[in-house]
Amino acid sequence: MIHITEKSKCNGCNACIDVCHTTAISIKNDGEGFFYPVVNLSECTDCGLCDLVCPEQHVDELKVNDFEKPTCYAVHHKNLETRFDSTSGGAFSAMAEKMYKDGGYVGGAIFNDDFSVKHIISNDINDLKRLRSSKYLQSDASGIYQSVKDLLKRNEKVLVCGTPCQMAAMRRFLRKDYENLIIVDFICRGINSPKVYRKYIDSLEKKYDSKAIYIKPKNKELGWNKLTHKVDFENGSAYFGTIAVDTYMRASMVANVISRPSCYDCQFKGFPRISDITLGDFWGIEQLEKLKQFDDNVGTSMVMINSEKGKKYFESISKHLIIKEMPFEDSTRGNIALFKSLPKESVDRKAFYNDIDKMDFADVSQKYYPFTLSYKQKILRFLRLIKRVLALTRCRPRPLFQFFYLNFFHKAVHVSIKDGHAFIPTPHCVINIDKGAEVNIKGIFGFGENKFKGSRIESRMSIEKGGKLEILGNYGFGYGSNIEIFKTGHLISKGGPNSNMGTVIICQNKIVIGENVAIGRNVTIRDNNGSHVIAKRGYRDSFPVIIEDHVWLCSGCTLMSGTKIGGGAIVSANAFVISSVPAHTVVSGIPAKVTQEHIYWKL
């Protein structure tokens with residue numbers, strides 16, 4: 001019977017639960033939140049089936065396939081919407097769509113309502129949106145093995161996807177291959193604790209004071225390379241956690257502390273693979289000249305064909321894909337997880353999990369893997385800052401003088417050069433900041449950057465006494481910009497890509513530019529009507545303008561006072577906005593009206 005003496009010898013596949021005819025085996029979560037089988041000795045008949053299906057006990061028998069080294073491909077789904085919603089290039093979606101079209105069943109992992117993860121299998125194509133994309137925590141696969149076997153016995157077609165160890169368990173459970181079965185695994189670095197993930201979500205819900213209603217790991221709105229964890233909340237807020245700052249991803253990728261013990265000595269690395277087809281991200285694509293046309297930061301799948309059956313199935317979906325065959329070495333170079341197990345945790349694991357039960361996850365992350373720079377990184381950051389200063393000022397005396405005055409001597413400007421922050425003016429800037437104003441720079445803030453050598457287009461900034469400017473991240477206004485902050489005005493930018501040329505901002509009340517807002521040419525934002533009075537009941541001259549995260553303001557559009565632009569929205573070129581814009585919509589016209597809904601776009 002199954003008896004766990006070393007946690008590193010159990011991968012939590014749960015196949016032993018499905019195979020037990022007397023239901024003597026149940027799941028128990030340990031203090032780290034991982035699944036382990038527990039045997040009820042009074043019901044166990046000692047039949048040995050649980051040991052028979054355990055993939056950890058039969059690794060050598062399982063690592064057999066038609067191809068010692070797989071044939072490898074770079075893949076994009078031809079449907080951009082499908083690809084955008086997928087983890088990589090949409091290869092799994094194409095496989096699933098084919099199976100659904102043939103009347104078959106597709107199995108894989110989905111989020112439950114509480115954001116735990118469970119394996120399901122269905123013949124409903126509407127489940128595909130839940131099945132696609134990475135989940136980044138361990139799924140409960142109990143039930144999937146018996147369900148697949150029952151379907152195969154009825155001669156139903158089945159495609160099932162899971163971690164390499166889960167799919168190895170599937171092979172052991174079925175005991176034989178089936179012509180009507182396609183097994184797909186993925187390149188797995190390590191599988192994470194459901195308990196830790198729930199603590200992470202709890203922490204975000206506390207921060208945003210709202211319940212999480214939707215989660216998208218590896219969201220592509222900021223680009224595929226940033227590995228962004230997006231969480232939408234009931235109150236309309238959205239969190240975009242890139243791999244550089246997200247506390248959960250750093251626990252997994254930096255501290256290596258939240259993966260299952262078996263992941264640190266994974267038995268299912270290397271080749272031959274156990275599945276018919278292996279999927280993964282095509283990491284390292286930017287270094288391959290052959291894939292230059294594939295590298296658009298929207299995601300590319302790396303597909304490995306491991307068996308004749310897998311080859312035949314892949315060929316059957318090829319018309320829905322853009323495919324480039326690649327050498328094995330080029331395909332695997334960026335995916336070290338194909339060959340090597342997860343490195344050991346860099347923090348005290350026992351203490352970490354003890355604190356998880358007592359502390360907010362954000363506090364735990366700060367304690368065990370704070371975002372700090374090494375001495376070498378600080379030097380490199382300072383050198384990058386110097387390089388940026390020289391590039392923007394073009395080493396000309398006037399902007400260099402302005403740089404030193406603004407950053408070291410101006411009473412209104414608060415900036416920390418030692419932390420890599422700076423206010424960098426460019427040539428042809430007029431900057432008038434009253435000593436009674438307040439300017440807080442927490443990032444690199446460039447003003448008036450000109451892309452055209454020899455151009456003398458002037459950029460202007462005026463901040464009156466009492467006016468406030470906050471730059472909360474790296475940001476810049478393009479050349480020809482006109483920024484005016486009156487004595488009661490407060491302009492906030494949360495950082496992101498620079499605005500294009502000709503940005504006009506007139507701030508008398510409050511204007512908030514969210515994180516990663518794209519501002520096109522000649523965009524105007526104003527929260528006031530210039531102190532003009534209209535004889536109308538309830539008339540007010542100024543109202544705040546709020547632009548939430550990841551908004552696209554296209555060329556020539558105008559935002560007037562009192563507007564709120566929801567996250568992910570697009571304001572079309574030359575649109576005139578006088579009312580609030582819902583999240584993830586496109587607005588066009590004068591006055592602007594919603595023309596499209598449920599829109600998602602990449603920065």
# chains A, B, ... in the order shown; residues from 1 in each chain; ligands from 1

$ residues_around --residues "Phe271 of chain A" --least-positions-apart "4" --cutoff "10 Å" --atoms "only C-alpha atoms" --output "MDAnalysis selection string"
chainID A and resid 63:65 67:70 306 338:339

$ write_last_selection --atoms "C-alpha atoms" --output "PDB file, in the first residue's frame"
ATOM      1  CA  LYS A  63      10.302   6.943 -19.918  1.00  0.00           C
ATOM      2  CA  VAL A  64       9.800   5.179 -23.229  1.00  0.00           C
ATOM      3  CA  ASN A  65       8.454   6.740 -26.413  1.00  0.00           C
ATOM      4  CA  PHE A  67      11.214   9.456 -30.421  1.00  0.00           C
ATOM      5  CA  GLU A  68      14.303   9.697 -28.233  1.00  0.00           C
ATOM      6  CA  LYS A  69      14.586  13.338 -29.255  1.00  0.00           C
ATOM      7  CA  PRO A  70      11.399  15.106 -30.266  1.00  0.00           C
ATOM      8  CA  ASN A 306       7.247  12.827 -28.899  1.00  0.00           C
ATOM      9  CA  LEU A 338      13.299  20.431 -19.446  1.00  0.00           C
ATOM     10  CA  PHE A 339      16.532  19.077 -18.024  1.00  0.00           C
TER      11      PHE A 339
END

$ select_by_dssp --residues "segment 169-245 of chain A" --states "helix (DSSP H, G or I)" --output "list in words"
Ala169, Met170, Arg171, Arg172, Phe173, Leu174, Pro194, Lys195, Val196, Tyr197, Arg198, Lys199, Tyr200, Ile201, Asp202, Ser203, Leu204, Glu205, Lys206, Lys207, Tyr208, Trp224, Asn225 and Lys226 of chain A

$ residues_around --residues "Arg198 of chain A" --least-positions-apart "3" --cutoff "8 Å" --atoms "only C-alpha atoms" --output "MDAnalysis selection string"
chainID A and resid 115:116 194:195 201:202

$ residues_around --residues "Ser588 of chain A" --least-positions-apart "4" --cutoff "9 Å" --atoms "only C-alpha atoms" --output "PyMOL selection string"
chain A and resi 570-577+592-595

$ write_last_selection --atoms "C-alpha atoms" --output "compact mmCIF listing (two decimals), in the first residue's frame"
# COMPACT_ATOMS: atom_id res chain seq x y z
CA ILE A 570 -9.07 52.66 -25.70
CA VAL A 571 -9.97 56.24 -26.58
CA SER A 572 -9.89 56.49 -30.37
CA ALA A 573 -8.07 59.13 -32.37
CA ASN A 574 -9.66 62.61 -32.19
CA ALA A 575 -12.37 61.43 -29.78
CA PHE A 576 -13.78 64.09 -27.45
CA VAL A 577 -14.53 62.57 -24.03
CA ALA A 592 -17.19 59.93 -27.52
CA LYS A 593 -19.46 56.89 -27.30
CA VAL A 594 -18.77 53.19 -26.79
CA THR A 595 -18.23 51.41 -30.11

$ residues_around --residues "His320 of chain A" --least-positions-apart "5" --cutoff "8 Å" --atoms "only C-alpha atoms" --output "PyMOL selection string"
chain A and resi 77-79+94

$ select_by_dssp --residues "segment 282-515 of chain A" --states "strand (DSSP E)" --output "VMD selection string"
chain A and resid 301 to 305 321 to 326 413 to 415 422 to 425 429 to 433 438 to 441 444 to 449 459 to 463 468 to 471 475 to 478 482 to 485 490 to 493 504 to 507 511 to 513

$ residues_around --residues "Gly473 of chain A" --least-positions-apart "6" --cutoff "12 Å" --atoms "only C-alpha atoms" --output "ChimeraX atom specification"
/A:415,419-423,440-446,492-498,513-516

$ residues_around --residues "segment 102-114 of chain A" --least-positions-apart "3" --cutoff "6 Å" --atoms "only C-alpha atoms" --output "number ranges by chain"
A: 99, 117-123, 130-131, 157-161

$ write_last_selection --atoms "C-alpha atoms" --output "JSON list (two decimals), in the first residue's frame"
[["chain", "number", "residue", "atom", "x", "y", "z"],
["A", 99, "MET", "CA", -10.87, 17.47, -30.32],
["A", 117, "VAL", "CA", -7.35, 24.39, -9.13],
["A", 118, "LYS", "CA", -9.08, 21.19, -10.21],
["A", 119, "HIS", "CA", -8.75, 18.88, -13.21],
["A", 120, "ILE", "CA", -11.92, 18.42, -15.25],
["A", 121, "ILE", "CA", -12.82, 16.78, -18.55],
["A", 122, "SER", "CA", -15.69, 17.78, -20.82],
["A", 123, "ASN", "CA", -16.92, 17.89, -24.40],
["A", 130, "ARG", "CA", -11.10, 28.01, -18.43],
["A", 131, "LEU", "CA", -8.80, 25.19, -19.52],
["A", 157, "LYS", "CA", -11.83, 10.51, -28.30],
["A", 158, "VAL", "CA", -9.87, 12.19, -25.50],
["A", 159, "LEU", "CA", -7.16, 14.84, -25.22],
["A", 160, "VAL", "CA", -5.85, 15.37, -21.71],
["A", 161, "CYS", "CA", -3.20, 17.80, -20.47]]

$ closest_residue --among "A:Lys101, A:Phe282, A:Ala351, A:Leu472" --to "Phe328 of chain A" --atoms "only C-alpha atoms"
A:Phe282

$ closest_atom_pairs --of "segment 456-476 of chain A" --to "segment 503-510 of chain A" --cutoff "12 Å" --atoms "only C-alpha atoms" --output "tab-separated table"
residue	atom	partner	partner_atom	distance
A:Glu458	CA	A:Thr503	CA	11.9
A:Ser459	CA	A:Thr503	CA	9.4
A:Arg460	CA	A:Val504	CA	9.6
A:Met461	CA	A:Ile505	CA	9.6
A:Ser462	CA	A:Ile506	CA	9.9
A:Ile463	CA	A:Cys507	CA	9.5
A:Glu464	CA	A:Gln508	CA	10.2
A:Gly466	CA	A:Gln508	CA	10.7
A:Gly467	CA	A:Gln508	CA	8.4
A:Lys468	CA	A:Lys510	CA	9.3
A:Leu469	CA	A:Cys507	CA	10.0
A:Glu470	CA	A:Lys510	CA	11.2
A:Gly476	CA	A:Thr503	CA	10.6

$ write_last_selection --atoms "N, CA and C atoms" --output "PDB file, in the first residue's frame"
ATOM      1  N   GLU A 458       9.743  73.402 -28.768  1.00  0.00           N
ATOM      2  CA  GLU A 458       9.870  73.699 -27.342  1.00  0.00           C
ATOM      3  C   GLU A 458       8.885  72.882 -26.504  1.00  0.00           C
ATOM      4  N   SER A 459       9.329  72.456 -25.335  1.00  0.00           N
ATOM      5  CA  SER A 459       8.472  71.797 -24.339  1.00  0.00           C
ATOM      6  C   SER A 459       8.393  72.713 -23.130  1.00  0.00           C
ATOM      7  N   ARG A 460       7.194  72.825 -22.549  1.00  0.00           N
ATOM      8  CA  ARG A 460       6.994  73.804 -21.485  1.00  0.00           C
ATOM      9  C   ARG A 460       6.337  73.163 -20.267  1.00  0.00           C
ATOM     10  N   MET A 461       6.793  73.549 -19.107  1.00  0.00           N
ATOM     11  CA  MET A 461       6.175  73.107 -17.855  1.00  0.00           C
ATOM     12  C   MET A 461       6.078  74.288 -16.899  1.00  0.00           C
ATOM     13  N   SER A 462       4.889  74.471 -16.320  1.00  0.00           N
ATOM     14  CA  SER A 462       4.682  75.530 -15.342  1.00  0.00           C
ATOM     15  C   SER A 462       3.935  74.953 -14.154  1.00  0.00           C
ATOM     16  N   ILE A 463       4.496  75.111 -12.960  1.00  0.00           N
ATOM     17  CA  ILE A 463       3.830  74.662 -11.736  1.00  0.00           C
ATOM     18  C   ILE A 463       3.786  75.851 -10.774  1.00  0.00           C
ATOM     19  N   GLU A 464       2.589  76.304 -10.489  1.00  0.00           N
ATOM     20  CA  GLU A 464       2.429  77.466  -9.631  1.00  0.00           C
ATOM     21  C   GLU A 464       2.624  77.109  -8.161  1.00  0.00           C
ATOM     22  N   GLY A 466       1.830  76.082  -4.660  1.00  0.00           N
ATOM     23  CA  GLY A 466       0.737  75.243  -4.173  1.00  0.00           C
ATOM     24  C   GLY A 466       0.410  74.085  -5.096  1.00  0.00           C
ATOM     25  N   GLY A 467       0.886  74.154  -6.339  1.00  0.00           N
ATOM     26  CA  GLY A 467       0.653  73.057  -7.286  1.00  0.00           C
ATOM     27  C   GLY A 467       1.523  71.848  -6.954  1.00  0.00           C
ATOM     28  N   LYS A 468       1.049  70.663  -7.320  1.00  0.00           N
ATOM     29  CA  LYS A 468       1.773  69.427  -6.991  1.00  0.00           C
ATOM     30  C   LYS A 468       1.948  68.548  -8.234  1.00  0.00           C
ATOM     31  N   LEU A 469       3.127  67.989  -8.364  1.00  0.00           N
ATOM     32  CA  LEU A 469       3.426  66.999  -9.396  1.00  0.00           C
ATOM     33  C   LEU A 469       4.053  65.787  -8.736  1.00  0.00           C
ATOM     34  N   GLU A 470       3.482  64.603  -8.994  1.00  0.00           N
ATOM     35  CA  GLU A 470       4.037  63.345  -8.473  1.00  0.00           C
ATOM     36  C   GLU A 470       4.305  62.398  -9.635  1.00  0.00           C
ATOM     37  N   GLY A 476       7.959  59.935 -18.820  1.00  0.00           N
ATOM     38  CA  GLY A 476       8.435  61.106 -19.532  1.00  0.00           C
ATOM     39  C   GLY A 476       7.360  61.688 -20.425  1.00  0.00           C
TER      40      GLY A 476
END

$ closest_residue --among "A:Lys465, A:Tyr73, A:Tyr136, A:Lys536" --to "Ile285 of chain A" --atoms "only C-alpha atoms"
A:Tyr73

$ closest_residue --among "A:Ile424, A:Cys47, A:Val298, A:Ile144" --to "Ser86 of chain A" --atoms "only C-alpha atoms"
A:Val298

$ closest_residue --among "A:Glu56, A:Asp434, A:Asp127, A:Glu32" --to "Cys16 of chain A" --atoms "only C-alpha atoms"
A:Glu56

$ closest_residue --among "A:Lys7, A:Ala74, A:Lys149, A:Lys451" --to "Asp177 of chain A" --atoms "only C-alpha atoms"
A:Lys149

$ closest_residue --among "A:Ser193, A:Ser26, A:Ser142, A:Ser481" --to "Leu41 of chain A" --atoms "only C-alpha atoms"
A:Ser26
